[in-house]
file input.txt (compact mmCIF, C-alpha atoms)
# COMPACT_ATOMS: atom_id res chain seq x y z
CA MET A 180 102.20 22.84 70.20
CA HIS A 181 98.39 22.74 70.22
CA PHE A 182 98.48 18.94 69.83
CA ARG A 183 100.57 18.58 72.99
CA ILE A 184 98.22 20.87 74.94
CA TYR A 185 95.17 18.89 73.86
CA ILE A 186 96.83 15.60 74.83
CA LEU A 187 97.70 17.03 78.28
CA LEU A 188 94.18 18.33 78.79
CA PHE A 189 92.68 14.99 77.79
CA THR A 190 94.99 13.17 80.20
CA VAL A 191 94.01 15.46 83.10
CA LEU A 192 90.31 15.04 82.38
CA LEU A 193 90.67 11.28 82.09
CA PHE A 194 92.51 11.10 85.42
CA SER A 195 89.87 13.28 87.09
CA ALA A 196 87.02 11.17 85.73
CA CYS A 197 88.65 7.91 86.82
CA LYS A 198 89.45 8.87 90.42
CA THR A 199 85.78 8.75 91.55
CA ARG A 200 82.67 6.69 91.02
CA THR A 201 79.04 7.72 91.34
CA VAL A 202 76.82 6.36 94.12
CA GLU A 203 73.02 6.49 94.20
CA GLU A 204 71.04 5.65 97.33
CA LYS A 205 67.43 4.70 96.56
CA ASP A 206 64.28 3.82 98.48
CA LEU A 207 62.37 0.55 98.01
CA ASN A 208 60.50 2.06 95.05
CA GLY A 209 63.69 2.96 93.24
CA ASN A 210 63.45 6.69 93.91
CA ILE A 211 66.82 8.41 94.39
CA LEU A 212 67.35 9.77 97.92
CA LYS A 213 71.03 10.68 97.60
CA LYS A 214 73.45 11.00 94.71
CA TYR A 215 77.17 11.65 95.10
CA SER A 216 80.65 10.54 94.11
CA VAL A 217 83.23 8.71 96.22
CA LEU A 218 86.94 8.18 95.77
CA LYS A 219 87.74 4.85 94.18
CA LYS A 220 90.77 4.48 96.44
CA ASP A 221 88.61 5.07 99.53
CA VAL A 222 84.86 4.64 98.97
CA SER A 223 84.13 5.94 102.48
CA LYS A 224 85.09 9.44 101.30
CA LYS A 225 82.68 11.55 99.28
CA HIS A 226 84.36 13.68 96.62
CA GLY A 227 82.53 16.13 94.37
CA ALA A 228 78.90 17.17 94.05
CA TYR A 229 76.38 15.82 96.58
CA THR A 230 72.60 15.92 96.14
CA ALA A 231 69.87 14.71 98.51
CA TYR A 232 66.09 14.52 98.11
CA TYR A 233 63.03 14.33 100.34
CA ASP A 234 61.20 10.99 100.41
CA SER A 235 58.55 12.67 98.26
CA GLY A 236 61.13 13.53 95.60
CA GLU A 237 61.73 17.25 96.13
CA LEU A 238 65.29 18.57 96.31
CA LEU A 239 66.59 18.71 99.90
CA GLU A 240 70.29 19.51 99.64
CA ASN A 241 73.08 20.52 97.30
CA ALA A 242 76.65 20.39 98.59
CA ASN A 243 80.22 19.62 97.63
CA TYR A 244 82.77 17.31 99.22
CA LYS A 245 86.55 17.10 98.97
CA ASP A 246 88.32 14.01 100.25
CA GLY A 247 85.34 13.16 102.46
CA LYS A 248 84.87 16.63 103.90
CA LEU A 249 82.33 19.34 103.17
CA ASP A 250 84.02 21.99 101.07
CA GLY A 251 82.30 24.93 99.41
CA GLU A 252 78.68 26.03 99.43
CA ARG A 253 75.94 23.89 101.00
CA ILE A 254 72.29 24.73 100.32
CA LEU A 255 69.27 23.21 102.07
CA TYR A 256 65.76 23.54 100.62
CA PHE A 257 62.20 23.49 101.91
CA GLN A 258 59.87 21.03 100.18
CA ASN A 259 58.24 23.95 98.37
CA GLY A 260 61.53 24.56 96.57
CA LYS A 261 62.49 27.69 98.50
CA ILE A 262 65.96 27.90 100.01
CA MET A 263 66.09 27.05 103.73
CA SER A 264 69.73 27.93 104.39
CA LYS A 265 73.09 28.62 102.76
CA GLU A 266 76.34 27.60 104.40
CA HIS A 267 79.99 27.70 103.35
CA TYR A 268 82.64 25.19 104.34
CA ASN A 269 86.40 24.87 104.20
CA MET A 270 87.25 21.20 104.70
CA ASP A 271 84.43 20.56 107.21
CA ASN A 272 84.84 23.92 108.95
CA MET A 273 82.09 26.48 108.47
CA GLU A 274 83.65 29.63 107.03
CA GLY A 275 82.09 32.77 105.63
CA VAL A 276 78.53 33.97 105.17
CA TYR A 277 75.62 32.00 106.65
CA GLU A 278 72.03 32.70 105.59
CA ASN A 279 68.78 31.26 106.92
CA TYR A 280 65.37 31.81 105.30
CA TYR A 281 61.66 31.69 106.10
CA GLU A 282 59.60 29.15 104.16
CA ASN A 283 58.18 31.94 102.01
CA GLY A 284 61.68 32.75 100.76
CA ASN A 285 62.32 35.88 102.84
CA ILE A 286 65.65 36.18 104.65
CA LYS A 287 65.44 35.18 108.34
CA GLN A 288 69.01 35.41 109.62
CA LYS A 289 72.43 36.35 108.30
CA GLY A 290 75.87 36.19 109.85
CA ILE A 291 79.47 35.10 109.58
CA TYR A 292 81.29 31.92 110.60
CA LYS A 293 85.02 31.83 111.27
CA ASN A 294 86.68 28.49 111.88
CA ASN A 295 83.36 26.76 112.64
CA GLN A 296 82.26 29.47 115.10
CA ILE A 297 79.83 32.37 114.79
CA ALA A 298 81.61 35.72 114.63
CA ASP A 299 81.29 39.47 113.99
CA THR A 300 77.75 40.88 113.65
CA TRP A 301 74.61 38.75 113.15
CA THR A 302 71.26 40.01 111.98
CA ASN A 303 67.74 38.61 112.39
CA TYR A 304 64.89 39.73 110.10
CA TYR A 305 61.11 39.96 110.32
CA GLU A 306 59.22 37.56 108.08
CA GLN A 307 57.08 40.51 107.03
CA PRO A 308 57.89 43.05 105.80
CA ALA A 309 60.56 41.29 103.77
CA ASN A 310 64.20 42.23 104.42
CA GLN A 311 63.28 44.35 107.45
CA ILE A 312 65.83 44.01 110.25
CA LYS A 313 64.42 42.81 113.58
CA GLU A 314 67.61 42.81 115.64
CA SER A 315 71.37 42.76 115.30
CA PHE A 316 73.98 41.67 117.83
CA THR A 317 77.74 41.44 118.20
CA ILE A 318 79.56 38.12 118.57
CA LYS A 319 82.85 37.56 120.38
CA ASP A 320 84.40 34.13 120.91
CA GLY A 321 81.25 32.47 119.62
CA MET A 322 78.90 34.19 122.09
CA ILE A 323 76.79 37.36 122.10
CA ASN A 324 78.95 40.07 123.62
CA GLY A 325 78.64 43.71 122.61
CA LEU A 326 76.29 46.12 120.88
CA TYR A 327 72.68 44.96 120.49
CA LYS A 328 70.01 46.75 118.46
CA GLU A 329 66.31 46.01 118.10
CA TYR A 330 64.03 47.52 115.46
CA ALA A 331 60.29 47.99 114.97
CA THR A 332 58.62 46.65 111.82
CA ASN A 333 58.77 50.15 110.32
CA GLY A 334 62.57 50.04 110.47
CA THR A 335 62.95 52.40 113.43
CA LEU A 336 65.50 51.62 116.13
CA ILE A 337 63.69 51.00 119.42
CA ILE A 338 66.34 49.50 121.74
CA GLU A 339 70.12 49.88 121.83
CA GLY A 340 72.55 48.59 124.43
CA ASN A 341 75.16 46.05 125.41
CA LYS A 342 74.27 42.36 125.67
CA VAL A 343 76.25 39.48 127.13
CA GLU A 344 75.56 35.76 126.63
CA VAL A 345 76.59 33.54 129.54
CA GLU A 346 75.53 30.26 127.94
CA VAL A 347 73.77 29.24 124.74
CA GLY A 348 70.28 30.78 124.77
CA LEU A 349 70.83 32.81 127.95
CA ASP A 350 71.88 36.44 127.59
CA PHE A 351 71.27 39.71 129.44
CA PHE A 352 71.81 43.45 129.17
CA ASP A 353 74.86 44.87 130.87
CA GLY A 354 75.47 48.61 131.06
CA LYS A 355 73.49 51.44 129.47
CA VAL A 356 70.38 50.61 127.44
CA THR A 357 68.40 53.25 125.53
CA MET A 358 64.78 52.89 124.46
CA PHE A 359 63.48 54.94 121.49
CA ASP A 360 60.01 55.94 120.37
CA SER A 361 59.15 54.05 117.15
CA ILE A 362 57.32 57.05 115.70
CA SER A 363 59.41 60.08 116.66
CA LYS A 364 62.65 58.03 116.70
CA LYS A 365 63.69 60.00 119.80
CA PRO A 366 65.08 58.37 123.00
CA VAL A 367 62.39 58.11 125.68
CA MET A 368 64.01 56.00 128.40
CA VAL A 369 67.50 55.12 129.60
CA PHE A 370 68.23 52.07 131.76
CA GLU A 371 71.36 50.94 133.56
CA PHE A 372 71.94 47.20 134.00
CA ASN A 373 74.49 45.25 135.97
CA LYS A 374 74.71 41.71 134.56
CA GLY A 375 71.02 41.61 133.78
CA LYS A 376 69.82 43.37 136.91
CA MET A 377 68.34 46.84 136.36
CA ILE A 378 69.91 49.32 138.75
CA LYS A 379 68.72 52.59 137.27
CA LYS A 380 65.89 53.91 135.08
CA ASP A 381 65.51 57.47 133.79
CA SER A 382 62.73 58.91 131.65
CA ILE A 383 63.82 61.43 129.01
CA ILE A 384 60.33 62.72 128.26

call {"tool": "encode", "arguments": {"input": "input.txt", "output": "structure tokens"}}
result
Amino acid sequence: MHFRIYILLFTVLLFSACKTRTVEEKDLNGNILKKYSVLKKDVSKKHGAYTAYYDSGELLENANYKDGKLDGERILYFQNGKIMSKEHYNMDNMEGVYENYYENGNIKQKGIYKNNQIADTWTNYYEQPANQIKESFTIKDGMINGLYKEYATNGTLIIEGNKVEVEVGLDFFDGKVTMFDSISKKPVMVFEFNKGKMIKKDSII
């Protein structure tokens, strides 16, 4: 019984090992720039672990491919060795948690991708202090649309309201927006916006 299992396992491993071949791309000095495997039946398709390096030799990227498509976790690195970003793929579609980092290693941005599109709630962070939230915003259909919050470096909420993005990089407040004092944490001002145009302003103090 054990003999048959071992033979089966060996056959599976042998098949797996034989279905790909390793490729190394080098510069003129022989330094490896990229290392990955391709399918023997179709050498245009990467399959398995993928590693890339800066011209100076430092690690640039770790990823995984399946039948020529990104599949699994992809990590990019700064030249100082710190992680630049983490992405997750499902057959070339970004899916799951996305993380972006400052060069000093502190988290810069975190969010979710669904079917290659940003979704749910995204959060931006201050470089210093580490892990301190700078702002968070709601995503619908790949655009900012919903609750927006902005924080001071001490962690206190200072602005809260609804934001709408009309095109990439262009968004505005729409509806009620409340401003808070960063020390007392109490609301000090309330604004009313109509598609980015302020139509009302009331002081609470």

call {"tool": "residues_around", "arguments": {"input": "input.txt", "residues": "Tyr268 of chain A", "least_positions_apart": "6", "cutoff": "12 Å", "atoms": "only C-alpha atoms", "output": "number ranges by chain"}}
result
A: 242-245, 248-254, 274-277, 291-296

call {"tool": "residues_around", "arguments": {"input": "input.txt", "residues": "Lys342 of chain A", "least_positions_apart": "4", "cutoff": "8 Å", "atoms": "all atoms listed in the file", "output": "PDB file with C-alpha atoms, keeping the file's coordinate frame"}}
result
ATOM      1  CA  PHE A 316      73.980  41.670 117.830  1.00  0.00           C
ATOM      2  CA  ILE A 323      76.790  37.360 122.100  1.00  0.00           C
ATOM      3  CA  ASN A 324      78.950  40.070 123.620  1.00  0.00           C
ATOM      4  CA  GLY A 325      78.640  43.710 122.610  1.00  0.00           C
ATOM      5  CA  LEU A 326      76.290  46.120 120.880  1.00  0.00           C
ATOM      6  CA  TYR A 327      72.680  44.960 120.490  1.00  0.00           C
ATOM      7  CA  ASP A 350      71.880  36.440 127.590  1.00  0.00           C
ATOM      8  CA  PHE A 351      71.270  39.710 129.440  1.00  0.00           C
ATOM      9  CA  PHE A 352      71.810  43.450 129.170  1.00  0.00           C
ATOM     10  CA  ASP A 353      74.860  44.870 130.870  1.00  0.00           C
TER      11      ASP A 353
END

call {"tool": "closest_residue", "arguments": {"input": "input.txt", "among": "A:Ser235, A:Asn272, A:Asn310, A:Asn283", "to": "Ile297 of chain A", "atoms": "only C-alpha atoms"}}
result
A:Asn272

call {"tool": "residues_around", "arguments": {"input": "input.txt", "residues": "Ile338 of chain A", "least_positions_apart": "6", "cutoff": "8 Å", "atoms": "all atoms listed in the file", "output": "mmCIF file with C-alpha atoms, in the coordinates of the input"}}
result
data_model
loop_
_atom_site.group_PDB
_atom_site.id
_atom_site.type_symbol
_atom_site.label_atom_id
_atom_site.label_comp_id
_atom_site.auth_asym_id
_atom_site.auth_seq_id
_atom_site.Cartn_x
_atom_site.Cartn_y
_atom_site.Cartn_z
ATOM 1 C CA TYR A 327 72.680 44.960 120.490
ATOM 2 C CA LYS A 328 70.010 46.750 118.460
ATOM 3 C CA GLU A 329 66.310 46.010 118.100
ATOM 4 C CA TYR A 330 64.030 47.520 115.460
ATOM 5 C CA VAL A 356 70.380 50.610 127.440
ATOM 6 C CA THR A 357 68.400 53.250 125.530
ATOM 7 C CA MET A 358 64.780 52.890 124.460
ATOM 8 C CA PHE A 359 63.480 54.940 121.490
#

call {"tool": "residues_near_point", "arguments": {"input": "input.txt", "point": "(60.6, 8.9, 97.8)", "cutoff": "8 Å", "atoms": "all atoms listed in the file", "output": "ChimeraX atom specification"}}
result
/A:206,208,210-212,232-236

call {"tool": "atom_distance", "arguments": {"input": "input.txt", "atom1": "atom CA of Val347 of chain A", "atom2": "atom CA of Leu239 of chain A"}}
result
27.9 Å
